[in-house]
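S.K.: The structure's right below; bear with me while I get my questions together.
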Amino acid sequence: MILVTGAAGFIGSNVAAALNEKGRNDLVVCDWLGQDTRWMNLRKRMFRDFVFPDDLAGYLEKADGIEAVIHMGANSSTTATDGDAILRTNFKFSLMLLDWCAQRGVPLVYASSAATYGDGENGFTDGLSFDALRALQPLNLYGWSKHQFDLVVAERVARGLPLPPKCIGLKFFNVFGQNEYHKGDMMSVVAKNHATAVAGGEVKLFKSHRPDFVDGGQRRDFVYVDDVVDVVLWCLEAGPRHGLFNVGTGMAVSFRELIEALFAAVGQAPNISYVPMPESLRAKYQYFTQAPLDGLRAAGYCAPFTGVGPAVARYVEYLSGSDRYR
């Protein structure tokens, strides 16, 4: 069986869908469902067992037949302020899985984040160089928690400490696509503004508070979730023994260009205005991210990534359809 954590979440549910589509129904899914709509992300899925995160350590003590762990579960809120909760959910839980996989000889593919890079001053070079990782300064609790786990893995590689037979971290950049609807404020700007764009309404973007970026000119590496899932499964099936890889398109696109692609996909003329960024976000805001893909390509991943225009158009097919879920 394959254990997928965060399986009711955005990326995790798309991973579960892709595994089902490959004929893998022998999944153990781990997540909270809560009282929002995330159960809909699993409505079309087949799995053998469901485990709540609080019960996973006990479950794994007795588990037999788990051949791989795909760890997508985390509190992914970049505005979270409860450091203790973030550390328990994102660091300690990951550390438990790392140790279990090392002890049992089970491959582990896990989600890191581009949020580990902070403001980008130290670049966006991936890899398991312990010294290079130590130079990074994340801007928020989420990024810090992911960074701390990357450091643990890097130190174990450098010092020959216990690791799973395969241990690969993936630094996801700005992922968007189907099944993100439960995320509220953490949804992509495409999902948030789809209905407005369809109606030809005004989409509001943040003004720039830096002289080197025009309003709406803040640039991110927006990557479609289907491409992200392809990388996750490739890592499991064909990836190297150890690695920490960027996952993006390799191209930074402005928020303005992204929303223009949304208007084009729904057949409306662009209608964009700009509003001040909240003071609470300004010191923690990433104005530019772009994923160098040298590491991933050198490791053998050759598939192309979908450009923003085609990716937004594909996503709009979901958003405009009778069933928005994969």
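Identifiers in this document derive from the order of the structure tokens: chains are assigned A, B, ..., residues are numbered from 1 separately in each chain, and ligands are numbered from 1 in order of occurrence.
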Identify all residues of segment 28-234 of chain A in alpha helix (DSSP H) (DSSP on the backbone) and supply them as a ChimeraX atom specification.

M.R.: /A:56-62,83-86,93-104,130-134,141-159,189-198,225-234

S.K.: Skip Gln148 of chain A itself and residues of its chain fewer than 3 positions away, then list as a VMD selection string all residues within 12 Å of it, counting only C-alpha atoms.

M.R.: chain A and resid 86 to 87 90 to 92 94 to 95 112 to 113 115 to 117 130 133 to 134 136 to 138 141 to 145 151 to 155

S.K.: Contacts between segment 260-276 of chain A and segment 192-252 of chain A, please, where a residue of segment 192-252 of chain A counts if it comes within 9 Å (with only C-alpha atoms); show its shortest atom pair and distance in Å to one decimal, rows by chain and ascending number, as CSV.

M.R.:
residue,atom,partner,partner_atom,distance
A:Asn193,CA,A:Leu262,CA,8.5
A:His194,CA,A:Leu262,CA,7.3
A:Ala197,CA,A:Phe263,CA,5.7
A:Val198,CA,A:Val266,CA,5.7
A:Ala199,CA,A:Gln268,CA,8.1
A:Gly200,CA,A:Gln268,CA,5.9
A:Gly201,CA,A:Asn271,CA,6.6
A:Glu202,CA,A:Asn271,CA,5.0
A:Val203,CA,A:Ile272,CA,4.9
A:Lys204,CA,A:Ser273,CA,4.9
A:Leu205,CA,A:Tyr274,CA,4.9
A:Phe206,CA,A:Val275,CA,5.1
A:Lys207,CA,A:Pro276,CA,5.2
A:Ser208,CA,A:Pro276,CA,7.7
A:His209,CA,A:Pro276,CA,8.2
A:Asp215,CA,A:Tyr274,CA,6.7
A:Gly216,CA,A:Tyr274,CA,7.2

S.K.: Which polymer residues have any atom within 10 Å of an atom of Gly217 of chain A, counting only C-alpha atoms, with same-chain residues fewer than 2 positions away left out, as a PDB file with C-alpha atoms, in the first residue's frame?

M.R.:
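Output saved as selection12.pdb:
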ATOM      1  CA  LEU A 205      -4.590  43.037  -7.054  1.00  0.00           C
ATOM      2  CA  PHE A 206      -2.101  44.381  -4.524  1.00  0.00           C
ATOM      3  CA  LYS A 207      -0.235  47.571  -5.257  1.00  0.00           C
ATOM      4  CA  SER A 208       3.523  47.350  -5.137  1.00  0.00           C
ATOM      5  CA  ASP A 212      11.505  48.228  -8.449  1.00  0.00           C
ATOM      6  CA  PHE A 213       8.074  46.618  -9.055  1.00  0.00           C
ATOM      7  CA  VAL A 214       5.062  48.242 -10.694  1.00  0.00           C
ATOM      8  CA  ASP A 215       1.567  47.622  -9.331  1.00  0.00           C
ATOM      9  CA  ARG A 219       6.225  38.020 -10.093  1.00  0.00           C
ATOM     10  CA  ARG A 220       5.863  34.409  -9.031  1.00  0.00           C
ATOM     11  CA  VAL A 253       5.028  35.645 -14.339  1.00  0.00           C
ATOM     12  CA  SER A 254       3.425  38.788 -12.913  1.00  0.00           C
ATOM     13  CA  PHE A 255       0.087  38.688 -11.134  1.00  0.00           C
ATOM     14  CA  ARG A 256      -1.198  41.062 -13.787  1.00  0.00           C
ATOM     15  CA  GLU A 257      -0.261  38.615 -16.559  1.00  0.00           C
ATOM     16  CA  TYR A 287       7.888  39.966  -4.630  1.00  0.00           C
ATOM     17  CA  PHE A 288       9.732  37.538  -6.875  1.00  0.00           C
TER      18      PHE A 288
END

S.K.: Which residue, A:Val308, A:Ala74, A:Ala283, A:Ala299, has the smallest gap to Ala252 of chain A when you use only C-alpha atoms?

M.R.: A:Val308

S.K.: May I ask which of the residues A:Val28, A:Gly127, A:Arg159, A:Phe50 is the closest one to Gly65 of chain A, counting only C-alpha atoms?

M.R.: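 Closest to Gly65 of chain A, using only C-alpha atoms: A:Val28.
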
S.K.: Which residue gives the smallest distance to Cys235 of chain A among A:Arg38, A:Tyr59, A:Pro107, A:Gln218, with only C-alpha atoms counted?

M.R.: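 For Cys235 of chain A, the nearest of the given residues is A:Pro107.
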
S.K.: So which residues of segment 83-256 of chain A fall under strand (DSSP E) by DSSP, listed as a PyMOL selection string?

M.R.: chain A and resi 108-113+167-172+174-176+203-206+219-220+222-224+242-247+253-254

S.K.: Have a look at atom CA of Cys302 of chain A and atom CA of Lys171 of chain A and let me know their distance in Å, one decimal.

M.R.: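 Taking atom CA of Cys302 of chain A as the start and atom CA of Lys171 of chain A as the end point, the length is 17.3 Å.
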
S.K.: Counting only C-alpha atoms, what is within 8 Å of Val225 of chain A, bar same-chain residues fewer than 4 positions away, as a PyMOL selection string?

M.R.: chain A and resi 11+14+175-178+229

S.K.: Any chance you can output those residues with all heavy atoms as a compact mmCIF listing (two decimals), in the first residue's frame?

M.R.:
# COMPACT_ATOMS: atom_id res chain seq x y z
N ILE A 11 -2.93 19.40 -3.05
CA ILE A 11 -1.99 18.58 -3.82
C ILE A 11 -2.18 17.10 -3.50
O ILE A 11 -2.17 16.25 -4.39
CB ILE A 11 -0.54 19.03 -3.57
CG1 ILE A 11 -0.35 20.48 -4.02
CG2 ILE A 11 0.45 18.12 -4.29
CD1 ILE A 11 1.01 21.07 -3.70
N ASN A 14 -4.95 15.42 -5.45
CA ASN A 14 -4.58 15.22 -6.86
C ASN A 14 -3.58 14.07 -7.00
O ASN A 14 -3.62 13.34 -7.99
CB ASN A 14 -4.00 16.51 -7.43
CG ASN A 14 -5.08 17.49 -7.86
OD1 ASN A 14 -5.66 17.35 -8.94
ND2 ASN A 14 -5.37 18.48 -7.03
N VAL A 175 1.62 26.81 -6.60
CA VAL A 175 0.81 25.78 -7.22
C VAL A 175 -0.66 26.23 -7.27
O VAL A 175 -1.18 26.77 -6.30
CB VAL A 175 0.92 24.45 -6.46
CG1 VAL A 175 0.23 23.33 -7.23
CG2 VAL A 175 2.38 24.10 -6.20
N PHE A 176 -1.30 26.00 -8.42
CA PHE A 176 -2.73 26.31 -8.53
C PHE A 176 -3.41 25.22 -9.34
O PHE A 176 -2.77 24.50 -10.12
CB PHE A 176 -2.96 27.69 -9.16
CG PHE A 176 -2.59 27.79 -10.61
CD1 PHE A 176 -3.56 27.74 -11.61
CD2 PHE A 176 -1.27 27.94 -11.01
CE1 PHE A 176 -3.22 27.84 -12.95
CE2 PHE A 176 -0.91 28.04 -12.35
CZ PHE A 176 -1.90 27.99 -13.33
N GLY A 177 -4.71 25.09 -9.16
CA GLY A 177 -5.46 24.10 -9.92
C GLY A 177 -6.61 23.51 -9.14
O GLY A 177 -6.93 23.95 -8.02
N GLN A 178 -7.25 22.53 -9.73
CA GLN A 178 -8.46 21.92 -9.18
C GLN A 178 -8.23 21.34 -7.77
O GLN A 178 -7.13 20.91 -7.44
CB GLN A 178 -8.98 20.82 -10.11
CG GLN A 178 -8.04 19.65 -10.33
CD GLN A 178 -6.96 19.90 -11.37
OE1 GLN A 178 -6.93 20.94 -12.01
NE2 GLN A 178 -6.06 18.93 -11.54
N VAL A 229 2.02 16.98 -9.62
CA VAL A 229 1.73 15.57 -9.35
C VAL A 229 2.62 14.66 -10.19
O VAL A 229 3.12 13.64 -9.70
CB VAL A 229 0.24 15.27 -9.60
CG1 VAL A 229 -0.04 13.78 -9.55
CG2 VAL A 229 -0.61 15.99 -8.56

S.K.: Taking into account only C-alpha atoms, which residue in the set A:Glu237, A:Glu180, A:Glu279, A:Asp226 is nearest to Tyr325 of chain A?

M.R.: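 Among A:Glu237, A:Glu180, A:Glu279, A:Asp226, it is A:Glu180 that comes nearest to Tyr325 of chain A.
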
S.K.: So the first atom is atom CA of Phe245 of chain A and the second is atom CA of Ala291 of chain A; what is the distance between them in Å, to one decimal place?

M.R.: 9.3 Å

S.K.: Choose the residue, out of A:Gly160, A:Asn179, A:Gly250, A:Asp119, that has the smallest atom-to-atom separation from Arg43 of chain A; count only C-alpha atoms.

M.R.: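 Among the listed residues, A:Asn179 lies closest to Arg43 of chain A.
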
S.K.: In Å, rounded to a single decimal, give me how far atom CA of His71 of chain A is from atom CA of Ala135 of chain A.

M.R.: 25.2 Å

S.K.: Name all residues at most 9 Å from Asn20 of chain A (count only C-alpha atoms; drop same-chain ones fewer than 5 positions away) and give them as a PyMOL selection string.

M.R.: chain A and resi 15+25-27+45-47

S.K.: Those selected residues, please, written with N, CA and C atoms and delivered as a compact mmCIF listing (two decimals), in the first residue's frame.

M.R.:
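Generated output (again_35.txt):
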# COMPACT_ATOMS: atom_id res chain seq x y z
N VAL A 15 -2.71 13.89 -6.01
CA VAL A 15 -1.82 12.73 -6.00
C VAL A 15 -2.63 11.45 -5.89
N ASN A 25 -5.35 1.45 -6.17
CA ASN A 25 -6.44 1.68 -5.23
C ASN A 25 -6.06 1.32 -3.81
N ASP A 26 -4.87 0.74 -3.66
CA ASP A 26 -4.42 0.27 -2.34
C ASP A 26 -3.74 1.41 -1.58
N LEU A 27 -4.52 2.46 -1.32
CA LEU A 27 -4.00 3.65 -0.64
C LEU A 27 -4.45 3.68 0.81
N ARG A 45 -12.56 9.04 -5.14
CA ARG A 45 -11.35 8.27 -4.91
C ARG A 45 -11.65 6.93 -4.24
N MET A 46 -10.72 5.99 -4.45
CA MET A 46 -10.75 4.69 -3.79
C MET A 46 -9.55 4.59 -2.88
N PHE A 47 -9.77 4.16 -1.63
CA PHE A 47 -8.66 3.92 -0.71
C PHE A 47 -9.03 2.78 0.22

S.K.: Which of these, A:Ala298, A:Ala191, A:Leu56, A:Ala18, has the shortest distance to Leu319 of chain A once you count only C-alpha atoms?

M.R.: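 That would be A:Ala191, the residue with the smallest distance to Leu319 of chain A.
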
S.K.: Residues near Met186 of chain A, anyone? I mean within 9 Å using only C-alpha atoms, not counting same-chain ones fewer than 3 positions away, as a ChimeraX atom specification.

M.R.: /A:76-78,180,182-183,189
